[in-house]
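Engineer: My structure is in input_17.cif, and what it holds is mmCIF, C-alpha atoms:
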data_start
loop_
_atom_site.label_atom_id
_atom_site.label_comp_id
_atom_site.auth_asym_id
_atom_site.auth_seq_id
_atom_site.Cartn_x
_atom_site.Cartn_y
_atom_site.Cartn_z
CA MET F 154 -26.23 -76.12 -227.08
CA ASP F 155 -28.39 -78.33 -224.93
CA PHE F 156 -28.89 -81.37 -227.13
CA LEU F 157 -26.16 -83.41 -225.42
CA ARG F 158 -26.90 -84.91 -222.01
CA THR F 159 -23.31 -86.01 -221.45
CA VAL F 160 -20.11 -85.06 -223.18
CA GLU F 161 -17.58 -87.00 -221.19
CA SER F 162 -18.05 -90.33 -219.43
CA ALA F 163 -16.86 -93.93 -219.35
CA PRO F 164 -16.16 -95.63 -222.70
CA ILE F 165 -19.07 -97.16 -224.58
CA GLY F 166 -19.60 -100.80 -223.75
CA THR F 167 -18.28 -100.41 -220.22
CA ALA F 168 -20.15 -102.97 -218.22
CA PRO F 169 -20.93 -103.72 -214.64
CA THR F 170 -18.43 -105.89 -212.87
CA SER F 171 -19.46 -109.51 -213.08
CA ALA F 172 -18.80 -112.31 -210.70
CA LEU F 173 -15.34 -112.61 -212.19
CA PRO F 174 -12.25 -111.67 -210.20
CA LYS F 175 -11.79 -107.93 -210.15
CA SER F 176 -8.63 -108.04 -212.31
CA ARG F 177 -10.57 -109.73 -215.13
CA SER F 178 -13.90 -107.94 -215.01
CA ASN F 179 -13.25 -104.70 -216.88
CA SER F 180 -14.68 -105.95 -220.18
CA SER F 181 -17.49 -107.96 -218.72
CA LEU F 182 -21.20 -107.87 -219.38
CA SER F 183 -23.16 -105.11 -221.04
CA SER F 184 -24.45 -102.22 -218.98
CA SER F 185 -28.02 -103.36 -219.54
CA THR F 186 -27.55 -106.05 -216.88
CA SER F 187 -29.89 -105.34 -213.98
CA THR F 188 -28.15 -103.99 -210.89
CA GLU F 189 -30.47 -105.92 -208.61
CA ASN F 190 -29.45 -109.23 -210.19
CA SER F 191 -25.80 -108.37 -210.74
CA PRO F 192 -23.21 -110.72 -209.24
CA THR F 193 -21.43 -107.64 -207.93
CA LEU F 194 -23.77 -107.95 -204.97
CA CYS F 195 -21.66 -110.87 -203.76
CA GLU F 196 -18.44 -108.88 -204.00
CA GLN F 197 -20.06 -105.89 -202.29
CA ALA F 198 -21.15 -108.14 -199.44
CA ARG F 199 -17.58 -109.37 -199.03
CA ASP F 200 -16.26 -105.82 -198.95
CA ASN F 201 -18.85 -104.74 -196.41
CA LEU F 202 -18.01 -107.69 -194.19
CA GLY F 203 -14.28 -107.04 -194.44
CA VAL F 204 -13.42 -110.47 -195.83
CA ALA F 205 -10.05 -110.46 -197.59
CA ASP F 206 -9.76 -111.86 -201.11
CA ASN F 207 -7.25 -114.47 -199.99
CA ASP F 208 -9.37 -115.60 -197.02
CA ALA F 209 -11.09 -118.95 -197.65
CA THR F 210 -13.17 -118.65 -194.49
CA VAL F 211 -16.56 -117.04 -195.11
CA LEU F 212 -18.43 -115.44 -192.25
CA SER F 213 -21.43 -117.35 -191.01
CA HIS F 214 -23.94 -114.75 -192.19
CA SER F 215 -22.43 -114.34 -195.66
CA ARG F 216 -24.39 -115.67 -198.62
CA GLU F 217 -21.25 -116.44 -200.63
CA LEU F 218 -18.92 -119.43 -200.77
CA CYS F 219 -15.51 -118.23 -201.88
CA PHE F 220 -12.29 -120.18 -202.49
CA LEU F 221 -9.34 -118.15 -203.80
CA ASP F 222 -5.72 -119.26 -204.37
CA LEU F 223 -6.13 -122.62 -202.66
CA THR F 224 -5.17 -126.17 -203.55
CA THR F 225 -7.88 -128.62 -204.56
CA SER F 226 -7.44 -130.53 -201.31
CA ASP F 227 -8.60 -127.41 -199.45
CA LEU F 228 -11.92 -127.18 -201.30
CA ASN F 229 -14.08 -128.32 -198.42
CA ILE F 230 -17.72 -127.32 -198.79
CA SER F 231 -18.77 -128.44 -195.31
CA GLU F 232 -16.02 -126.44 -193.64
CA ALA F 233 -16.71 -123.34 -195.73
CA LEU F 234 -20.43 -123.50 -194.96
CA GLY F 235 -19.68 -123.30 -191.24
CA GLY F 236 -23.07 -124.62 -190.23
CA ARG F 237 -25.04 -122.64 -192.80
CA SER F 238 -27.55 -124.29 -195.09
CA THR F 239 -26.66 -124.47 -198.79
CA ALA F 240 -30.18 -123.15 -199.43
CA THR F 241 -28.98 -119.69 -198.31
CA ILE F 242 -25.96 -119.53 -200.66
CA GLU F 243 -26.33 -117.09 -203.56
CA CYS F 244 -22.81 -116.97 -205.00
CA LEU F 245 -20.11 -119.62 -205.49
CA ARG F 246 -16.60 -118.45 -206.40
CA VAL F 247 -13.67 -120.82 -206.98
CA ASN F 248 -10.80 -118.88 -208.59
CA ARG F 249 -7.11 -119.63 -209.08
CA CYS F 250 -7.33 -122.95 -207.25
CA ARG F 251 -5.84 -125.10 -210.04
CA MET F 252 -9.08 -127.08 -209.91
CA ASP F 253 -9.30 -129.78 -212.57
CA SER F 254 -12.44 -131.53 -213.80
CA ARG F 255 -12.29 -134.34 -211.26
CA ALA F 256 -12.03 -131.91 -208.36
CA PHE F 257 -14.88 -129.89 -209.87
CA ALA F 258 -17.03 -133.03 -210.19
CA ARG F 259 -16.43 -133.82 -206.51
CA LEU F 260 -17.34 -130.24 -205.60
CA VAL F 261 -20.57 -130.51 -207.59
CA ASP F 262 -21.41 -133.82 -205.89
CA ASP F 263 -21.05 -132.17 -202.48
CA LEU F 264 -23.14 -129.16 -203.53
CA CYS F 265 -25.92 -131.18 -205.13
CA SER F 266 -26.42 -133.28 -202.00
CA ASP F 267 -28.55 -130.44 -200.63
CA ASP F 268 -30.86 -127.66 -201.77
CA LEU F 269 -29.38 -124.80 -203.87
CA ALA F 270 -32.55 -122.79 -204.35
CA CYS F 271 -30.90 -119.35 -204.05
CA LEU F 272 -27.65 -119.93 -205.97
CA HIS F 273 -27.63 -117.37 -208.81
CA THR F 274 -23.89 -116.96 -209.53
CA VAL F 275 -21.29 -119.63 -210.28
CA ASP F 276 -17.78 -118.36 -210.96
CA VAL F 277 -15.15 -121.04 -211.55
CA SER F 278 -12.87 -118.97 -213.77
CA GLN F 279 -9.07 -119.22 -213.77
CA ASN F 280 -8.81 -122.93 -213.05
CA GLN F 281 -7.93 -126.01 -215.10
CA LEU F 282 -11.35 -127.33 -216.10
CA SER F 283 -11.23 -129.37 -219.29
CA GLY F 284 -12.80 -132.37 -220.94
CA VAL F 285 -16.29 -133.74 -221.13
CA GLU F 286 -16.22 -134.62 -217.41
CA ALA F 287 -16.43 -130.90 -216.69
CA GLY F 288 -19.44 -130.64 -218.99
CA VAL F 289 -21.19 -133.53 -217.26
CA ALA F 290 -20.60 -131.88 -213.87
CA LEU F 291 -21.90 -128.54 -215.19
CA ALA F 292 -25.02 -130.22 -216.56
CA ARG F 293 -25.71 -131.77 -213.16
CA LEU F 294 -25.11 -128.49 -211.31
CA LEU F 295 -27.33 -126.46 -213.63
CA SER F 296 -30.15 -129.00 -213.49
CA HIS F 297 -29.99 -129.01 -209.68
CA ALA F 298 -29.45 -125.26 -209.09
CA LYS F 299 -32.15 -123.92 -211.37
CA ALA F 300 -31.77 -120.31 -210.20
CA VAL F 301 -28.24 -119.87 -211.63
CA ARG F 302 -28.15 -116.75 -213.82
CA PHE F 303 -24.43 -115.93 -214.06
CA LEU F 304 -22.02 -118.66 -215.19
CA SER F 305 -18.35 -117.73 -215.50
CA LEU F 306 -16.03 -120.33 -217.03
CA GLY F 307 -13.33 -118.00 -218.34
CA TRP F 308 -9.60 -118.74 -218.34
CA ASN F 309 -9.93 -122.52 -218.14
CA LYS F 310 -9.07 -125.22 -220.70
CA LEU F 311 -12.59 -125.89 -221.90
CA SER F 312 -13.55 -126.57 -225.48
CA LEU F 313 -17.00 -125.81 -226.80
CA ALA F 314 -17.51 -129.54 -227.23
CA ASP F 315 -16.89 -130.09 -223.51
CA LEU F 316 -20.25 -128.38 -222.92
CA ARG F 317 -22.02 -130.87 -225.17
CA PRO F 318 -23.39 -132.95 -222.24
CA ILE F 319 -25.55 -129.94 -221.33
CA ALA F 320 -27.19 -130.27 -224.75
CA GLU F 321 -27.41 -134.07 -224.59
CA THR F 322 -29.02 -134.58 -221.20
CA THR F 323 -31.73 -137.22 -221.27
CA ALA F 324 -34.27 -134.82 -219.75
CA VAL F 325 -35.47 -133.52 -223.11
CA SER F 326 -37.68 -130.78 -221.67
CA TRP F 327 -34.98 -129.54 -219.26
CA SER F 328 -33.57 -126.02 -219.62
CA CYS F 329 -31.50 -123.78 -217.37
CA ASN F 330 -31.94 -120.10 -216.56
CA VAL F 331 -28.41 -118.88 -217.31
CA ALA F 332 -28.54 -115.31 -218.59
CA CYS F 333 -24.81 -114.46 -218.69
CA LEU F 334 -22.25 -116.95 -220.01
CA ASP F 335 -18.51 -116.20 -219.89
CA LEU F 336 -16.21 -118.42 -221.99
CA ARG F 337 -13.31 -116.01 -222.34
CA ALA F 338 -9.77 -117.27 -223.01
CA ASN F 339 -10.73 -120.93 -223.46
CA PRO F 340 -9.48 -123.23 -226.28
CA LEU F 341 -13.00 -123.66 -227.62
CA THR F 342 -12.04 -125.52 -230.80
CA ALA F 343 -10.76 -128.75 -229.19
CA PRO F 344 -12.47 -131.91 -230.56
CA TYR F 345 -15.32 -133.73 -228.83
CA LYS F 346 -14.68 -136.87 -226.77
CA ARG F 347 -17.66 -138.93 -225.70
CA PRO F 348 -18.20 -139.12 -221.94
CA SER F 349 -17.19 -142.35 -220.25
CA LYS F 350 -19.76 -144.42 -218.40
CA LYS F 351 -18.13 -143.41 -215.15
CA SER F 352 -18.28 -139.66 -215.82
CA SER F 353 -21.90 -139.78 -217.00
CA LYS F 354 -23.26 -142.01 -214.22
CA HIS F 355 -24.97 -139.07 -212.47
CA TYR F 356 -26.37 -137.49 -215.61
CA PRO F 357 -26.89 -139.86 -218.58
CA VAL F 358 -26.84 -138.36 -222.04
CA HIS F 359 -28.23 -139.10 -225.47
CA GLU F 360 -26.10 -138.16 -228.46
CA ILE F 361 -27.06 -135.38 -230.86
CA ASN F 362 -25.94 -135.07 -234.46
CA ASP F 363 -22.73 -133.03 -234.91
CA ASN F 364 -24.62 -130.47 -237.00
CA GLU F 365 -27.25 -129.89 -234.34
CA TRP F 366 -25.66 -129.96 -230.90
CA ILE F 367 -24.48 -126.33 -230.77
CA GLY F 368 -28.01 -125.16 -231.49
CA SER F 369 -29.31 -127.60 -228.87
CA LEU F 370 -26.80 -126.26 -226.33
CA ILE F 371 -28.03 -122.69 -226.77
CA ALA F 372 -31.63 -123.89 -226.79
CA ARG F 373 -31.04 -125.25 -223.28
CA MET F 374 -30.42 -121.62 -222.21
CA PRO F 375 -33.54 -119.76 -223.38
CA GLU F 376 -32.88 -116.87 -220.96
CA LEU F 377 -29.35 -116.22 -222.28
CA THR F 378 -28.73 -112.49 -222.93
CA HIS F 379 -24.95 -111.93 -222.61
CA VAL F 380 -22.12 -114.04 -224.04
CA GLN F 381 -18.41 -113.36 -223.64
CA LEU F 382 -15.97 -115.02 -226.08
CA ALA F 383 -13.04 -112.59 -225.88
CA GLN F 384 -9.56 -114.10 -226.26
CA ALA F 385 -10.98 -117.55 -226.94
CA THR F 386 -9.36 -119.87 -229.46
CA ILE F 387 -12.12 -120.94 -231.82
CA GLY F 388 -12.17 -121.96 -235.48
CA ASP F 389 -14.26 -120.32 -238.18
CA LYS F 390 -16.85 -123.10 -238.49
CA PRO F 391 -17.72 -123.46 -234.77
CA LEU F 392 -17.66 -119.66 -234.38
CA ILE F 393 -20.14 -119.21 -237.23
CA SER F 394 -22.34 -122.04 -235.90
CA LEU F 395 -22.30 -120.59 -232.39
CA LEU F 396 -23.10 -117.04 -233.51
CA TYR F 397 -25.89 -118.33 -235.75
CA ALA F 398 -27.42 -120.20 -232.79
CA LEU F 399 -27.08 -117.15 -230.54
CA THR F 400 -28.84 -114.84 -232.99
CA ARG F 401 -31.49 -117.20 -234.34
CA SER F 402 -35.13 -116.20 -234.44
CA GLY F 403 -36.55 -116.08 -230.94
CA SER F 404 -33.17 -115.61 -229.26
CA ASN F 405 -32.94 -113.21 -226.31
CA VAL F 406 -29.21 -112.47 -226.69
CA GLU F 407 -28.46 -108.75 -226.34
CA TYR F 408 -24.66 -108.69 -226.09
CA ILE F 409 -21.89 -110.73 -227.76
CA GLY F 410 -18.25 -110.00 -226.96
CA LEU F 411 -15.82 -111.05 -229.71
CA GLU F 412 -12.73 -109.08 -228.64
CA TRP F 413 -9.21 -110.33 -229.40
CA LEU F 414 -10.22 -113.14 -231.79
CA GLY F 415 -7.84 -112.17 -234.61
CA LEU F 416 -10.66 -111.51 -237.04
CA ASP F 417 -8.35 -109.41 -239.24
CA ASN F 418 -7.10 -112.69 -240.76
CA ARG F 419 -10.58 -114.23 -240.89
CA LEU F 420 -12.58 -111.71 -242.89
CA SER F 421 -14.57 -114.38 -244.72
CA ALA F 422 -15.81 -115.73 -241.38
CA LEU F 423 -16.59 -112.18 -240.26
CA ARG F 424 -18.57 -111.60 -243.45
CA THR F 425 -20.67 -114.72 -242.81
CA ILE F 426 -21.25 -113.76 -239.18
CA MET F 427 -22.32 -110.23 -240.07
CA SER F 428 -24.57 -111.34 -242.93
CA ASN F 429 -26.43 -113.58 -240.47
CA LEU F 430 -27.29 -110.42 -238.52
CA ALA F 431 -29.33 -108.89 -241.34
CA ALA F 432 -32.52 -109.57 -239.42
CA PRO F 433 -31.73 -110.04 -235.71
CA SER F 434 -34.57 -111.09 -233.44
CA ARG F 435 -33.92 -108.19 -231.04
CA ALA F 436 -31.60 -105.27 -230.30
CA LEU F 437 -28.02 -106.56 -230.28
CA HIS F 438 -24.73 -105.07 -229.10
CA LEU F 439 -21.74 -106.61 -230.92
CA ASN F 440 -18.26 -105.94 -229.52
CA LEU F 441 -15.47 -106.35 -232.12
CA SER F 442 -12.79 -104.46 -230.19
CA SER F 443 -9.09 -105.24 -230.61
CA ASN F 444 -9.41 -107.42 -233.71
CA TYR F 445 -7.12 -105.22 -235.85
CA LEU F 446 -9.80 -105.15 -238.55
CA GLY F 447 -8.48 -102.08 -240.32
CA ASP F 448 -10.45 -100.39 -243.09
CA ASN F 449 -10.93 -103.67 -244.97
CA GLY F 450 -12.63 -105.20 -241.95
CA VAL F 451 -14.83 -102.13 -241.56
CA GLU F 452 -15.85 -102.52 -245.21
CA VAL F 453 -16.86 -106.15 -244.54
CA VAL F 454 -19.02 -105.00 -241.62
CA ALA F 455 -20.59 -102.13 -243.55
CA THR F 456 -21.43 -104.13 -246.68
CA SER F 457 -22.83 -107.17 -244.87
CA GLY F 458 -26.35 -105.83 -244.46
CA ALA F 459 -26.15 -106.33 -240.69
CA VAL F 460 -28.68 -104.48 -238.53
CA LEU F 461 -27.43 -103.77 -235.00
CA SER F 462 -28.42 -101.52 -232.13
CA SER F 463 -24.87 -101.06 -230.83
CA LEU F 464 -21.39 -101.72 -232.26
CA THR F 465 -17.97 -101.40 -230.65
CA LEU F 466 -15.01 -101.06 -233.05
CA ALA F 467 -12.46 -99.75 -230.58
CA CYS F 468 -8.76 -100.40 -231.19
CA ASN F 469 -9.03 -101.65 -234.78
CA PHE F 470 -6.57 -99.43 -236.70
CA ILE F 471 -9.37 -97.61 -238.53
CA THR F 472 -8.33 -94.63 -240.65
CA GLU F 473 -10.29 -91.84 -242.32
CA ARG F 474 -11.09 -94.25 -245.17
CA GLY F 475 -12.81 -96.55 -242.67
CA THR F 476 -14.84 -93.75 -241.10
CA GLY F 477 -15.94 -92.71 -244.59
CA ILE F 478 -17.22 -96.25 -245.20
CA LEU F 479 -19.08 -96.15 -241.89
CA ALA F 480 -20.64 -92.79 -242.81
CA LYS F 481 -22.42 -94.33 -245.79
CA TRP F 482 -23.56 -97.34 -243.76
CA LEU F 483 -24.90 -95.55 -240.69
CA PRO F 484 -28.33 -94.56 -242.10
CA LEU F 485 -28.98 -98.21 -243.06
CA SER F 486 -27.46 -99.90 -240.03
CA GLY F 487 -30.02 -99.04 -237.37
CA LEU F 488 -27.17 -98.26 -234.99
CA GLY F 489 -28.00 -96.29 -231.87
CA SER F 490 -24.50 -96.57 -230.37
CA LEU F 491 -21.09 -96.61 -232.07
CA ASP F 492 -17.71 -96.76 -230.33
CA LEU F 493 -14.64 -95.84 -232.40
CA SER F 494 -12.31 -95.21 -229.45
CA ASP F 495 -8.56 -95.87 -229.70
CA ASN F 496 -8.49 -95.53 -233.47
CA TYR F 497 -6.06 -92.73 -234.23
CA PHE F 498 -7.70 -91.27 -237.35
CA GLY F 499 -7.60 -87.68 -236.09
CA ASP F 500 -9.64 -84.80 -237.48
CA GLN F 501 -9.61 -86.26 -240.99
CA GLY F 502 -11.48 -89.28 -239.66
CA VAL F 503 -14.22 -87.07 -238.23
CA ILE F 504 -14.45 -85.16 -241.52
CA SER F 505 -14.91 -88.49 -243.33
CA LEU F 506 -17.49 -89.64 -240.78
CA LEU F 507 -19.52 -86.51 -241.46
CA ALA F 508 -18.76 -86.45 -245.20
CA THR F 509 -22.15 -87.63 -246.44
CA HIS F 510 -23.74 -84.85 -244.41
CA THR F 511 -21.63 -82.09 -245.96
CA SER F 512 -21.48 -80.46 -249.37
CA ASP F 513 -18.91 -81.42 -252.03
CA ALA F 514 -18.11 -77.75 -252.52
CA ASN F 515 -17.37 -77.22 -248.81
CA PRO F 516 -16.07 -80.46 -247.23
CA GLY F 517 -16.64 -80.48 -243.49
CA VAL F 518 -19.38 -77.85 -243.66
CA PRO F 519 -22.74 -79.46 -242.76
CA VAL F 520 -25.70 -79.15 -245.07
CA LYS F 521 -29.04 -78.17 -243.59
CA SER F 522 -31.16 -81.29 -243.25
CA SER F 523 -34.85 -82.02 -243.41
CA ASP F 524 -36.88 -82.82 -240.32
CA ASN F 525 -35.46 -86.37 -240.27
CA TYR F 526 -32.12 -87.22 -238.72
CA TYR F 527 -29.45 -88.60 -241.04
CA THR F 528 -28.47 -91.32 -238.52
CA GLN F 529 -30.09 -92.59 -235.33
CA LEU F 530 -26.95 -92.48 -233.19
CA THR F 531 -27.58 -91.47 -229.59
CA VAL F 532 -24.14 -92.51 -228.29
CA LEU F 533 -20.80 -91.92 -230.03
CA GLY F 534 -17.41 -92.92 -228.62
CA LEU F 535 -14.34 -91.02 -229.83
CA THR F 536 -12.02 -91.49 -226.86
CA SER F 537 -8.29 -91.44 -227.73
CA CYS F 538 -8.72 -90.68 -231.43
CA CYS F 539 -6.17 -87.82 -231.68
CA LEU F 540 -8.88 -85.21 -232.14
CA SER F 541 -8.47 -81.45 -231.86
CA ASP F 542 -10.88 -78.54 -231.40
CA THR F 543 -11.62 -78.74 -235.14
CA SER F 544 -13.40 -82.08 -234.69
CA LEU F 545 -15.55 -80.69 -231.91
CA ARG F 546 -16.61 -77.73 -234.04
CA LEU F 547 -17.51 -80.03 -236.93
CA ILE F 548 -19.51 -82.35 -234.68
CA ALA F 549 -21.34 -79.43 -233.05
CA ASP F 550 -22.27 -78.01 -236.46
CA ALA F 551 -23.37 -81.43 -237.74
CA LEU F 552 -25.59 -82.00 -234.73
CA ALA F 553 -27.19 -78.62 -235.21
CA CYS F 554 -28.03 -79.75 -238.76
CA LYS F 555 -29.63 -83.02 -237.57
CA TRP F 556 -26.80 -85.42 -238.30
CA ALA F 557 -27.87 -87.50 -235.28
CA PRO F 558 -30.03 -87.22 -232.13
CA LEU F 559 -26.86 -87.57 -230.06
CA GLU F 560 -27.26 -87.72 -226.27
CA SER F 561 -23.80 -88.88 -225.20
CA LEU F 562 -20.42 -88.08 -226.76
CA ARG F 563 -17.35 -89.73 -225.25
CA ILE F 564 -14.20 -87.73 -226.04
CA LEU F 565 -11.84 -88.57 -223.19
CA ARG F 566 -8.04 -88.59 -223.67
CA ASN F 567 -7.79 -86.44 -226.81
CA SER F 568 -4.69 -84.47 -225.89
CA ARG F 569 -4.87 -82.14 -228.91
CA MET F 570 -8.05 -80.54 -227.55
CA SER F 571 -7.57 -77.30 -225.70
CA PRO F 572 -8.85 -76.85 -222.13
CA GLY F 573 -12.50 -75.92 -222.09
CA SER F 574 -13.02 -76.93 -225.74
CA LYS F 575 -16.01 -79.07 -224.80
CA LEU F 576 -17.89 -75.84 -224.18
CA LEU F 577 -18.34 -75.84 -227.98
CA LEU F 578 -21.02 -78.48 -227.45
#
Write out the structure in this file as structure tokens.

Structural biologist:
Amino acid sequence: MDFLRTVESAPIGTAPTSALPKSRSNSSLSSSTSTENSPTLCEQARDNLGVADNDATVLSHSRELCFLDLTTSDLNISEALGGRSTATIECLRVNRCRMDSRAFARLVDDLCSDDLACLHTVDVSQNQLSGVEAGVALARLLSHAKAVRFLSLGWNKLSLADLRPIAETTAVSWSCNVACLDLRANPLTAPYKRPSKKSSKHYPVHEINDNEWIGSLIARMPELTHVQLAQATIGDKPLISLLYALTRSGSNVEYIGLEWLGLDNRLSALRTIMSNLAAPSRALHLNLSSNYLGDNGVEVVATSGAVLSSLTLACNFITERGTGILAKWLPLSGLGSLDLSDNYFGDQGVISLLATHTSDANPGVPVKSSDNYYTQLTVLGLTSCCLSDTSLRLIADALACKWAPLESLRILRNSRMSPGSKLLL
């Protein structure tokens, strides 16, 4: 059959490497990120120039400032520039330098003393940034370097409230151009502490009501399209408020990563989040991988009325009961892409997924459909689901009967499949 363009490829949701360190970038931004604007250009430049990852000295014709595995006393901007103008710098990376907020504020002061017209990537992940002083420094940097598109703050000690100075800047009409925001593995629930006069001397703020500031923070980033929250510690209320702000009417957000948030014990919060997605402003990819949702969590997702373009449910202990629930929801969901990888439901799970497209008298045998497709799935991920040749035969028959206009089927690492079984498709 020729209706599948690809049968085997990378898992759904695999994204281009961001400006994060290579060891942390596997679950980064969605694949819709433009290659031309991707921060991987900085890393490619380093590779081409032969600069080692642990080398703090950047060649004079490089457009990247990179500090890796250094002490804060070694963070010398003038020395790293080596005579270059800051106006030529496109990427700033400070990783694993144990940099605290005071050191970061000093770094920002040095950077903002000159033009940063070309700076599009700021990666300060894997440090010790915390407190409102870090937020004040970020607000100053973003207001000065208006071309910044990729902001990576993962694996620090930042709370969501620490970013409040960005929302409370006195320049009411000011907004930044950040498109990709990475807050992974941060303790986002920590309480808010007002900035001291000393920390806010460079960028005065006006206070916003507690019920409004999260929305104001996101409103300062009108170009935001990708948000990473995986492994963050965040309570139900701020999570719901943040997701509501990210998906409000007029939002441009296309991808939200909520992996490893322990949502299996927070199903009421998940229900609220999903119900707020009943009428998203644009196509949205939601990644709920590794939340151990189980079939009960799948039921919450399927009965919420959410309308999504892409959903990742990998590694969630979903059984054939869960795939049966999804089968009934698919025609109403608007989903074009569904990833069920690393859920070991086996052939029975596939039978349940196709159940509403088969006859009661002959379970697993597809019923001839009308001219309309039953679902709108174009991408289906079934990697590592303990499937055998039986599942492939069922899927091939279902596709022939217009179960979905499938273009890509990911079926890697299913050891029960015989060699050459993919020829069935």

Engineer: To one decimal in Å, tell me the separation between CA of Val277 in chain F and CA of Ala385 in chain F.

Structural biologist: 16.3 Å

Engineer: I'd like to know which of F:Ser494, F:Thr239, F:Ser442, F:Ser486 is closest to Ile564 in chain F, using all atoms listed in the file.

Structural biologist: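 Using all atoms listed in the file, the shortest distance to Ile564 in chain F belongs to F:Ser494.
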
Engineer: Would you translate the PyMOL selection byres ((chain F and resi 217-231) around 6) into the concrete set of residues it matches in this file, as a list in words?

Structural biologist: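 Evaluating the PyMOL selection byres ((chain F and resi 217-231) around 6) on this file yields Asn207, Ala209, Ser215, Arg216, Glu232, Ala233, Leu234, Ile242, Glu243, Cys244, Leu245, Arg246, Val247, Asn248, Arg249, Cys250 and Met252 of chain F.
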
Engineer: As an exercise, work out the distance from CA of Thr509 in chain F to CA of Thr456 in chain F in Å and give it to one decimal place.

Structural biologist: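 Computing it gives 16.5 Å between the two atoms.
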
Engineer: Take CA of Leu485 in chain F and CA of Tyr526 in chain F and report the distance between them in Å, one decimal.

Structural biologist: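 Separating CA of Leu485 in chain F from CA of Tyr526 in chain F is a distance of 12.2 Å.
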
Engineer: Under the PyMOL selection byres ((chain F and resi 448) around 10), which residues of this model are included? Write them out as an NGL selection string.

Structural biologist: :F and (445-447 or 449-454 or 469-479)

Engineer: Is there a way to complete range 457-461 of chain F with all heavy atoms and then write that out as a PDB file, in the coordinates of the input?

Structural biologist:
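Here's the written file selection_38.pdb:
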ATOM      1  N   SER F 457     -22.244-105.861-245.179  1.00  0.00           N
ATOM      2  CA  SER F 457     -22.830-107.170-244.870  1.00  0.00           C
ATOM      3  C   SER F 457     -24.348-107.131-244.784  1.00  0.00           C
ATOM      4  O   SER F 457     -24.990-108.184-244.796  1.00  0.00           O
ATOM      5  CB  SER F 457     -22.267-107.669-243.538  1.00  0.00           C
ATOM      6  OG  SER F 457     -22.657-106.799-242.480  1.00  0.00           O
ATOM      7  N   GLY F 458     -24.907-105.934-244.647  1.00  0.00           N
ATOM      8  CA  GLY F 458     -26.350-105.830-244.460  1.00  0.00           C
ATOM      9  C   GLY F 458     -26.787-106.044-243.023  1.00  0.00           C
ATOM     10  O   GLY F 458     -27.984-106.158-242.746  1.00  0.00           O
ATOM     11  N   ALA F 459     -25.825-106.095-242.105  1.00  0.00           N
ATOM     12  CA  ALA F 459     -26.150-106.330-240.690  1.00  0.00           C
ATOM     13  C   ALA F 459     -26.947-105.165-240.118  1.00  0.00           C
ATOM     14  O   ALA F 459     -26.715-104.008-240.466  1.00  0.00           O
ATOM     15  CB  ALA F 459     -24.868-106.526-239.882  1.00  0.00           C
ATOM     16  N   VAL F 460     -27.885-105.489-239.238  1.00  0.00           N
ATOM     17  CA  VAL F 460     -28.680-104.480-238.530  1.00  0.00           C
ATOM     18  C   VAL F 460     -28.426-104.676-237.048  1.00  0.00           C
ATOM     19  O   VAL F 460     -28.760-105.720-236.481  1.00  0.00           O
ATOM     20  CB  VAL F 460     -30.182-104.635-238.846  1.00  0.00           C
ATOM     21  CG1 VAL F 460     -30.988-103.613-238.065  1.00  0.00           C
ATOM     22  CG2 VAL F 460     -30.427-104.485-240.340  1.00  0.00           C
ATOM     23  N   LEU F 461     -27.813-103.683-236.404  1.00  0.00           N
ATOM     24  CA  LEU F 461     -27.430-103.770-235.000  1.00  0.00           C
ATOM     25  C   LEU F 461     -27.951-102.549-234.253  1.00  0.00           C
ATOM     26  O   LEU F 461     -28.197-101.501-234.854  1.00  0.00           O
ATOM     27  CB  LEU F 461     -25.907-103.835-234.849  1.00  0.00           C
ATOM     28  CG  LEU F 461     -25.182-104.988-235.554  1.00  0.00           C
ATOM     29  CD1 LEU F 461     -23.688-104.731-235.568  1.00  0.00           C
ATOM     30  CD2 LEU F 461     -25.481-106.299-234.853  1.00  0.00           C
TER      31      LEU F 461
END
